[in-house]
file final17.txt (compact mmCIF, C-alpha atoms)
# COMPACT_ATOMS: atom_id res chain seq x y z
CA MET A 1 25.81 78.95 -33.49
CA LYS A 2 26.56 82.40 -34.88
CA GLU A 3 29.31 82.90 -32.33
CA LYS A 4 30.95 79.60 -33.31
CA ILE A 5 30.89 80.61 -36.97
CA GLN A 6 32.37 84.06 -36.26
CA LYS A 7 35.05 82.53 -34.06
CA LEU A 8 35.98 80.09 -36.83
CA PHE A 9 36.13 82.99 -39.34
CA HIS A 10 38.78 84.73 -37.19
CA GLU A 11 40.64 81.45 -36.65
CA ILE A 12 40.84 80.83 -40.39
CA ASP A 13 42.16 84.35 -41.02
CA GLU A 14 45.10 83.68 -38.72
CA LEU A 15 46.12 80.39 -40.29
CA LYS A 16 49.72 79.95 -41.54
CA ALA A 17 51.36 76.95 -43.18
CA GLU A 18 54.78 75.65 -42.15
CA SER A 19 55.03 72.88 -44.74
CA LYS A 20 53.09 71.05 -47.42
CA GLU A 21 52.11 68.46 -44.83
CA HIS A 22 50.81 71.21 -42.54
CA VAL A 23 48.60 72.58 -45.34
CA GLU A 24 47.12 69.10 -45.80
CA GLN A 25 46.55 68.76 -42.04
CA LEU A 26 44.65 72.07 -42.00
CA ARG A 27 42.52 70.93 -44.92
CA ILE A 28 41.62 67.73 -43.07
CA LYS A 29 40.96 69.61 -39.83
CA TYR A 30 38.42 71.97 -41.38
CA LEU A 31 37.11 70.41 -44.60
CA SER A 32 37.14 66.62 -44.17
CA LYS A 33 34.06 64.58 -43.26
CA LYS A 34 35.15 64.62 -39.62
CA GLY A 35 36.30 68.25 -39.76
CA GLU A 36 35.02 71.24 -37.86
CA LEU A 37 33.03 72.62 -40.76
CA ASN A 38 31.15 69.34 -41.17
CA ASP A 39 30.30 69.39 -37.45
CA LEU A 40 28.78 72.84 -37.84
CA PHE A 41 26.63 71.66 -40.77
CA SER A 42 25.43 68.74 -38.62
CA GLU A 43 24.57 71.16 -35.81
CA PHE A 44 22.73 73.38 -38.30
CA LYS A 45 19.89 70.80 -38.37
CA ASN A 46 18.89 71.90 -34.85
CA THR A 47 18.77 75.62 -35.70
CA ALA A 48 15.43 77.38 -35.14
CA PRO A 49 13.45 77.81 -38.38
CA GLU A 50 13.46 81.60 -38.16
CA GLN A 51 17.30 81.63 -38.02
CA ARG A 52 17.99 79.00 -40.68
CA LYS A 53 18.29 81.41 -43.60
CA GLU A 54 20.81 83.69 -41.87
CA VAL A 55 22.85 80.89 -40.32
CA GLY A 56 22.83 78.89 -43.56
CA GLN A 57 24.24 81.88 -45.45
CA LEU A 58 26.98 82.31 -42.84
CA LEU A 59 27.88 78.62 -43.08
CA ASN A 60 28.19 78.78 -46.85
CA ASP A 61 30.34 81.92 -46.59
CA LEU A 62 32.53 80.17 -44.03
CA LYS A 63 32.96 77.11 -46.24
CA ASN A 64 34.01 79.26 -49.21
CA HIS A 65 36.34 81.24 -46.97
CA VAL A 66 38.04 78.06 -45.67
CA GLN A 67 38.49 76.62 -49.15
CA GLN A 68 39.95 79.89 -50.45
CA LYS A 69 42.31 80.13 -47.46
CA ILE A 70 43.61 76.58 -47.96
CA GLU A 71 44.24 77.27 -51.68
CA THR A 72 46.01 80.53 -50.83
CA LEU A 73 48.26 78.73 -48.33
CA LYS A 74 49.13 76.14 -50.96
CA GLU A 75 50.07 78.81 -53.50
CA GLU A 76 52.09 80.83 -50.95
CA PHE A 77 53.98 77.77 -49.86
CA LEU A 78 54.80 76.80 -53.46
CA GLN A 79 55.94 80.33 -54.29
CA ASN A 80 58.16 80.58 -51.21
CA HIS A 81 59.64 77.10 -51.42
CA LYS A 82 60.31 76.60 -55.11
CA SER A 83 64.03 76.26 -54.52
CA GLU A 84 63.66 73.49 -51.92
CA GLY A 85 64.69 69.95 -52.76
CA ALA A 86 67.50 68.66 -54.93
CA PRO A 87 69.11 71.31 -57.14
CA SER A 88 68.50 71.03 -60.89
CA ASP A 89 71.28 69.52 -62.98
CA LEU A 90 71.60 71.88 -65.94
CA SER A 91 73.89 69.46 -67.74
CA LEU A 92 71.11 66.88 -68.13
CA PRO A 93 69.64 66.55 -71.66
CA ALA A 94 66.22 68.07 -72.26
CA ASP A 95 63.10 65.93 -72.17
CA PHE A 96 62.54 64.12 -75.45
CA MET A 97 59.85 65.74 -77.56
CA GLU A 98 58.45 63.52 -80.29
CA LEU A 99 58.45 65.31 -83.62
CA GLY A 100 55.83 64.93 -86.29
CA SER A 101 56.54 64.02 -89.88
CA ARG A 102 55.86 65.57 -93.25
CA HIS A 103 53.11 64.09 -95.35
CA PRO A 104 54.51 61.89 -98.16
CA LEU A 105 52.81 64.08 -100.77
CA SER A 106 54.51 67.17 -99.31
CA ILE A 107 57.85 65.36 -99.33
CA VAL A 108 57.58 64.41 -103.00
CA ARG A 109 56.20 67.83 -103.99
CA ASN A 110 59.18 69.55 -102.36
CA GLN A 111 61.59 67.14 -104.05
CA ILE A 112 60.11 67.87 -107.48
CA VAL A 113 60.20 71.63 -106.89
CA ASN A 114 63.83 71.46 -105.69
CA ILE A 115 64.93 69.40 -108.70
CA PHE A 116 63.53 71.91 -111.18
CA SER A 117 64.62 74.95 -109.16
CA HIS A 118 68.22 73.80 -109.61
CA ILE A 119 67.92 74.38 -113.36
CA GLY A 120 66.23 77.77 -113.17
CA TYR A 121 62.50 77.03 -112.77
CA THR A 122 60.39 79.20 -110.46
CA VAL A 123 57.13 78.28 -108.69
CA PHE A 124 53.94 79.89 -109.98
CA GLU A 125 50.49 79.26 -108.43
CA GLY A 126 46.91 80.08 -109.38
CA PRO A 127 43.28 79.73 -108.18
CA GLU A 128 41.60 76.36 -107.63
CA ILE A 129 38.24 77.74 -108.83
CA GLU A 130 38.64 78.44 -112.53
CA ASP A 131 36.66 79.83 -115.45
CA ASP A 132 36.18 77.85 -118.63
CA TRP A 133 38.68 79.93 -120.62
CA HIS A 134 41.72 79.14 -118.48
CA ASN A 135 40.67 75.59 -117.63
CA PHE A 136 39.65 74.48 -121.15
CA SER A 137 39.35 76.93 -124.04
CA ALA A 138 42.78 78.58 -123.83
CA LEU A 139 44.31 75.10 -123.70
CA ASN A 140 42.77 74.05 -127.03
CA PHE A 141 39.97 71.86 -125.61
CA PRO A 142 37.12 71.70 -128.15
CA GLU A 143 33.60 72.41 -126.88
CA GLU A 144 32.57 68.77 -127.34
CA HIS A 145 35.56 67.41 -125.37
CA PRO A 146 34.52 64.84 -122.69
CA ALA A 147 36.39 66.75 -119.98
CA ARG A 148 33.77 69.51 -120.23
CA ASP A 149 31.06 67.05 -119.27
CA MET A 150 29.60 67.09 -115.75
CA GLN A 151 30.52 63.41 -115.39
CA ASP A 152 34.19 64.42 -115.41
CA THR A 153 34.29 67.91 -113.89
CA PHE A 154 32.94 69.53 -110.72
CA PHE A 155 31.08 72.58 -112.03
CA ILE A 156 30.20 75.42 -109.66
CA GLU A 157 28.26 77.48 -112.21
CA LYS A 158 26.91 76.17 -115.50
CA SER A 159 25.41 78.55 -118.06
CA ASP A 160 24.15 78.52 -121.64
CA ASN A 161 27.36 80.31 -122.62
CA VAL A 162 30.16 77.75 -122.23
CA SER A 163 32.77 80.46 -121.75
CA LYS A 164 31.03 81.57 -118.52
CA ASP A 165 31.13 78.14 -116.86
CA ILE A 166 32.94 78.05 -113.49
CA ALA A 167 34.46 74.82 -112.18
CA LEU A 168 37.02 73.39 -109.79
CA ARG A 169 40.16 73.17 -111.90
CA THR A 170 40.77 69.77 -113.42
CA HIS A 171 44.52 70.31 -113.92
CA THR A 172 47.18 72.87 -113.09
CA SER A 173 47.52 73.60 -116.83
CA SER A 174 45.10 76.45 -116.14
CA VAL A 175 47.90 78.18 -114.24
CA GLN A 176 50.13 77.81 -117.31
CA ALA A 177 47.52 79.72 -119.35
CA ARG A 178 47.39 82.47 -116.73
CA MET A 179 51.17 82.81 -116.70
CA MET A 180 51.45 82.94 -120.50
CA GLU A 181 48.81 85.69 -120.57
CA THR A 182 50.59 87.87 -118.00
CA HIS A 183 54.29 87.21 -118.68
CA LYS A 184 56.50 87.62 -121.71
CA PRO A 185 58.88 84.89 -122.95
CA PRO A 186 61.31 83.54 -122.06
CA MET A 187 59.56 81.83 -119.14
CA ARG A 188 60.52 78.78 -117.15
CA ALA A 189 58.13 77.81 -114.34
CA ILE A 190 56.72 74.95 -112.32
CA PHE A 191 53.07 74.79 -111.17
CA PRO A 192 52.25 72.59 -108.15
CA GLY A 193 48.70 72.42 -106.81
CA ARG A 194 45.53 70.54 -105.91
CA VAL A 195 43.09 69.55 -108.66
CA TYR A 196 39.63 67.95 -108.78
CA ARG A 197 37.93 65.44 -111.06
CA ASN A 198 34.57 63.71 -110.78
CA GLU A 199 35.93 60.19 -110.39
CA ALA A 200 35.06 57.21 -108.21
CA ILE A 201 37.40 56.78 -105.25
CA SER A 202 39.45 53.59 -105.37
CA ALA A 203 42.94 52.30 -104.63
CA ARG A 204 44.17 53.87 -107.91
CA SER A 205 42.07 57.06 -108.25
CA HIS A 206 40.54 59.85 -106.18
CA CYS A 207 38.33 62.88 -106.77
CA ILE A 208 41.01 65.11 -105.19
CA PHE A 209 44.67 64.81 -106.10
CA HIS A 210 47.78 66.89 -106.72
CA GLN A 211 49.69 67.76 -109.85
CA VAL A 212 52.93 69.45 -110.78
CA GLU A 213 53.22 70.91 -114.27
CA VAL A 214 56.30 72.34 -115.91
CA LEU A 215 56.46 74.96 -118.67
CA TYR A 216 59.38 76.28 -120.72
CA ILE A 217 58.81 78.87 -123.45
CA ASP A 218 61.64 80.47 -125.42
CA LYS A 219 63.05 80.77 -128.92
CA ASP A 220 64.17 77.54 -130.61
CA VAL A 221 62.98 75.16 -127.87
CA SER A 222 62.91 71.63 -129.30
CA PHE A 223 61.78 68.13 -128.39
CA ALA A 224 65.42 67.32 -127.68
CA ASP A 225 65.34 69.92 -124.87
CA LEU A 226 62.24 68.23 -123.47
CA LYS A 227 63.84 64.78 -123.57
CA GLN A 228 67.02 65.90 -121.80
CA THR A 229 64.98 67.69 -119.12
CA LEU A 230 62.93 64.53 -118.54
CA LEU A 231 66.04 62.36 -118.31
CA TYR A 232 67.62 64.77 -115.82
CA PHE A 233 64.45 64.79 -113.70
CA ALA A 234 64.09 60.99 -113.66
CA LYS A 235 67.68 60.42 -112.57
CA GLU A 236 67.48 63.08 -109.85
CA MET A 237 64.10 61.90 -108.59
CA PHE A 238 64.71 58.16 -108.51
CA SER A 239 68.31 57.08 -109.11
CA PRO A 240 71.21 57.70 -111.52
CA GLU A 241 70.51 54.28 -113.08
CA THR A 242 66.94 55.19 -114.07
CA GLN A 243 66.16 54.97 -117.78
CA ILE A 244 63.25 56.61 -119.60
CA ARG A 245 61.19 55.87 -122.68
CA LEU A 246 58.69 58.08 -124.50
CA ARG A 247 55.52 56.74 -126.12
CA PRO A 248 53.37 58.78 -128.55
CA SER A 249 50.17 60.07 -127.00
CA TYR A 250 47.56 62.83 -127.36
CA PHE A 251 46.80 65.90 -125.24
CA PRO A 252 44.78 68.87 -126.54
CA PHE A 253 47.38 71.41 -125.41
CA THR A 254 50.56 69.75 -126.75
CA GLU A 255 51.63 68.59 -130.21
CA PRO A 256 53.48 66.29 -130.52
CA SER A 257 52.59 64.64 -127.21
CA ALA A 258 54.10 61.73 -125.33
CA GLU A 259 53.82 59.71 -122.16
CA MET A 260 56.98 58.91 -120.26
CA ASP A 261 57.83 55.62 -118.56
CA ILE A 262 60.75 54.99 -116.25
CA SER A 263 62.53 51.72 -115.65
CA CYS A 264 60.93 50.17 -112.57
CA ASN A 265 62.94 51.16 -109.51
CA ILE A 266 61.49 48.26 -107.50
CA CYS A 267 62.69 45.37 -109.65
CA GLY A 268 65.34 47.19 -111.69
CA GLY A 269 63.47 46.54 -114.91
CA LYS A 270 63.25 42.75 -114.43
CA GLY A 271 59.47 42.71 -113.92
CA CYS A 272 57.28 42.80 -110.80
CA ASN A 273 53.67 43.47 -109.75
CA ILE A 274 54.31 47.23 -109.61
CA CYS A 275 55.33 47.43 -113.27
CA LYS A 276 53.01 44.56 -114.23
CA ASN A 277 56.07 42.53 -115.24
CA SER A 278 56.88 44.98 -118.05
CA GLY A 279 59.90 46.56 -116.39
CA TRP A 280 58.47 50.04 -117.01
CA VAL A 281 56.20 52.38 -115.01
CA GLU A 282 54.30 55.30 -116.51
CA ILE A 283 54.77 58.50 -114.45
CA LEU A 284 53.92 61.57 -116.56
CA GLY A 285 52.68 63.13 -119.79
CA CYS A 286 54.49 65.75 -121.83
CA GLY A 287 54.81 67.40 -125.22
CA MET A 288 55.56 70.53 -127.20
CA VAL A 289 53.11 73.35 -126.48
CA ASP A 290 50.52 73.50 -129.24
CA PRO A 291 50.87 76.68 -131.36
CA ASN A 292 47.13 77.33 -130.83
CA VAL A 293 47.71 77.52 -127.07
CA LEU A 294 50.54 80.02 -127.56
CA GLU A 295 48.37 82.18 -129.81
CA ASN A 296 45.38 81.98 -127.40
CA CYS A 297 47.62 83.35 -124.68
CA GLY A 298 49.09 86.17 -126.77
CA ILE A 299 52.45 84.57 -127.64
CA ASP A 300 53.65 84.57 -131.25
CA SER A 301 54.05 80.88 -132.18
CA LYS A 302 56.20 81.81 -135.20
CA ILE A 303 58.88 83.20 -132.87
CA TYR A 304 58.50 81.14 -129.72
CA SER A 305 58.09 77.47 -128.94
CA GLY A 306 58.12 75.47 -125.75
CA PHE A 307 57.34 72.27 -123.92
CA ALA A 308 55.05 71.29 -121.06
CA ILE A 309 55.26 68.42 -118.57
CA GLY A 310 52.46 67.21 -116.31
CA MET A 311 52.75 64.69 -113.48
CA GLY A 312 50.56 63.49 -110.59
CA ILE A 313 52.22 63.73 -107.19
CA GLU A 314 50.18 60.79 -105.86
CA ARG A 315 51.35 58.62 -108.76
CA MET A 316 54.95 59.73 -108.27
CA THR A 317 54.75 58.92 -104.55
CA LEU A 318 53.26 55.49 -105.28
CA VAL A 319 56.25 54.67 -107.46
CA LYS A 320 58.88 56.21 -105.21
CA TYR A 321 57.73 54.62 -101.93
CA ASN A 322 55.95 51.50 -103.25
CA ILE A 323 52.55 52.48 -101.81
CA ASN A 324 49.69 50.32 -103.06
CA ASP A 325 46.60 52.42 -102.17
CA ILE A 326 46.07 56.09 -103.03
CA ARG A 327 43.40 56.42 -100.30
CA LEU A 328 46.08 56.17 -97.62
CA TYR A 329 47.13 59.74 -98.44
CA PHE A 330 43.80 61.16 -97.24
CA GLU A 331 43.03 59.01 -94.17
CA ASN A 332 45.54 60.65 -91.76
CA ASP A 333 46.42 57.27 -90.26
CA LEU A 334 49.39 57.92 -87.95
CA ARG A 335 50.69 54.40 -88.48
CA PHE A 336 51.10 55.26 -92.17
CA LEU A 337 52.37 58.84 -91.74
CA LYS A 338 55.01 57.96 -89.11
CA GLN A 339 56.82 55.83 -91.68
CA PHE A 340 58.00 59.09 -93.27
CA ALA A 341 59.32 60.69 -90.07
CA SER A 342 62.93 60.11 -91.09
CA VAL A 343 62.49 61.44 -94.65
CA ILE A 344 63.74 64.99 -95.18
call {"tool": "encode", "arguments": {"input": "final17.txt", "output": "structure tokens"}}
result
Amino acid sequence: MKEKIQKLFHEIDELKAESKEHVEQLRIKYLSKKGELNDLFSEFKNTAPEQRKEVGQLLNDLKNHVQQKIETLKEEFLQNHKSEGAPSDLSLPADFMELGSRHPLSIVRNQIVNIFSHIGYTVFEGPEIEDDWHNFSALNFPEEHPARDMQDTFFIEKSDNVSKDIALRTHTSSVQARMMETHKPPMRAIFPGRVYRNEAISARSHCIFHQVEVLYIDKDVSFADLKQTLLYFAKEMFSPETQIRLRPSYFPFTEPSAEMDISCNICGGKGCNICKNSGWVEILGCGMVDPNVLENCGIDSKIYSGFAIGMGIERMTLVKYNINDIRLYFENDLRFLKQFASVI
């Protein structure tokens, strides 16, 4: 038995492959159920008990040796015969590789940033975890304002001293406060980012969403400047035929404040379910920066004035692409995302 195993060891060492078919024949000859190695294992049953341990070890070593030799022959044959077969046609087009698509929120965010960058606005970003001063106090929110309540805001740290509260930012206006504290007018910037509010998730609202805010501070900035900027943005974002209207509103950090509607781009202002048959769709809030906010941030309100614009990217995307459920943005459903593969 030992002699047979040793003889087979030497035989395996001398093996050479002439073709892929020959390698397969050798594998069958030695490793198949009817192969020589299987015959030796069958014969092993008759080995004397005192020799079983030694012979069994030799058989296992032989099996591993055969398997390794067959694999080596396969690799050698592939390395030495790569050029065999039909020559490659280098003029053929490459294999098609399916490309992914940008998320609709990223598409709209980039469009908004590009529109404002064309008229001199730069991107400015800040932290998503904010202190009370930048998130509320600097922006003229009174201490009793509902936004400071835990039912509206995700607080990380809550203390007896309101000014020491830490929360997930509820709007990107906090980044405006940071910029006004660290930069001198004139300033013209846009602030895109993710924000958080303690709201129930539904087709029209979510606890996580995205905003873009716009800030312009300089001497003699007027509401007329704000209106012309808004009209420019609406026509660039939607279509040259888009009309806007401003309705009086209230925000703690702007005075006067307004909400802006655009003529419905789905029905052309005739009335549909998107605009609730009014012909208008609300898309953003805006206003002149409150003098208290300027003073809180170290800017002399007697010399400088400015305007601020705030818009939700989800809302803008709903209007632009006629999407009826805000939850689709967060579900990563490829059937939904692939619809935007052709959008640049």
call {"tool": "closest_residue", "arguments": {"input": "final17.txt", "among": "A:Arg178, A:His118, A:Lys302, A:His134", "to": "A:Asp290", "atoms": "all atoms listed in the file"}}
result
A:Lys302
call {"tool": "residues_near_point", "arguments": {"input": "final17.txt", "point": "(42.9, 51.8, -100.8)", "cutoff": "10 Å", "atoms": "only C-alpha atoms", "output": "ChimeraX atom specification"}}
result
/A:201-206,323-329,331
call {"tool": "residues_around", "arguments": {"input": "final17.txt", "residues": "A:Gly298", "least_positions_apart": "5", "cutoff": "12 Å", "atoms": "all atoms listed in the file", "output": "list in words"}}
result
Ala138, Ala177, Arg178, Met179, Met180, Glu181, Thr182, His183, Lys184, Pro185, Pro291, Asn292, Val293, Ile303 and Tyr304 of chain A
call {"tool": "axis_aligned_box", "arguments": {"input": "final17.txt", "around": "stretch 214-228 of chain A", "padding_each_side": "3 Å", "output": "JSON"}}
result
{"center_x": 61.7, "center_y": 72.8, "center_z": -123.3, "size_x": 16.7, "size_y": 22.0, "size_z": 20.7}
call {"tool": "atom_distance", "arguments": {"input": "final17.txt", "atom1": "atom CA of A:Thr254", "atom2": "atom CA of A:Leu284"}}
result
13.5 Å
call {"tool": "atom_distance", "arguments": {"input": "final17.txt", "atom1": "atom CA of A:Phe44", "atom2": "atom CA of A:Lys29"}}
result
18.7 Å
call {"tool": "atom_distance", "arguments": {"input": "final17.txt", "atom1": "atom CA of A:Lys320", "atom2": "atom CA of A:Cys264"}}
result
9.7 Å
call {"tool": "closest_atom_pairs", "arguments": {"input": "final17.txt", "of": "stretch 174-263 of chain A", "to": "stretch 100-112 of chain A", "cutoff": "12 Å", "atoms": "all atoms listed in the file", "output": "tab-separated table"}}
result
residue	atom	partner	partner_atom	distance
A:Ile190	CA	A:Ile112	CA	9.2
A:Phe191	CA	A:Arg109	CA	10.5
A:Pro192	CA	A:Arg109	CA	7.5
A:Gly193	CA	A:Arg109	CA	9.2
A:Arg194	CA	A:Leu105	CA	11.0
A:Phe209	CA	A:Leu105	CA	9.8
A:His210	CA	A:Leu105	CA	8.3
A:Gln211	CA	A:Arg109	CA	8.8
A:Val212	CA	A:Arg109	CA	7.7
A:Glu213	CA	A:Ile112	CA	10.1
A:Val214	CA	A:Ile112	CA	10.3
A:Leu230	CA	A:Ile112	CA	11.9
A:Tyr232	CA	A:Ile112	CA	11.6
A:Phe233	CA	A:Ile112	CA	8.2
A:Ala234	CA	A:Ile112	CA	10.1
A:Lys235	CA	A:Ile112	CA	11.8
A:Glu236	CA	A:Ile112	CA	9.1
A:Met237	CA	A:Ile112	CA	7.3
A:Phe238	CA	A:Gln111	CA	10.5
call {"tool": "closest_residue", "arguments": {"input": "final17.txt", "among": "A:Gln68, A:Thr122, A:Asn140, A:Gln228", "to": "A:Leu294", "atoms": "only C-alpha atoms"}}
result
A:Asn140
call {"tool": "closest_residue", "arguments": {"input": "final17.txt", "among": "A:Pro240, A:Gly312, A:Pro256, A:Gly268", "to": "A:Glu282", "atoms": "all atoms listed in the file"}}
result
A:Gly312
call {"tool": "residues_around", "arguments": {"input": "final17.txt", "residues": "A:Tyr250", "least_positions_apart": "4", "cutoff": "10 Å", "atoms": "all atoms listed in the file", "output": "ChimeraX atom specification"}}
result
/A:254-259,285-287
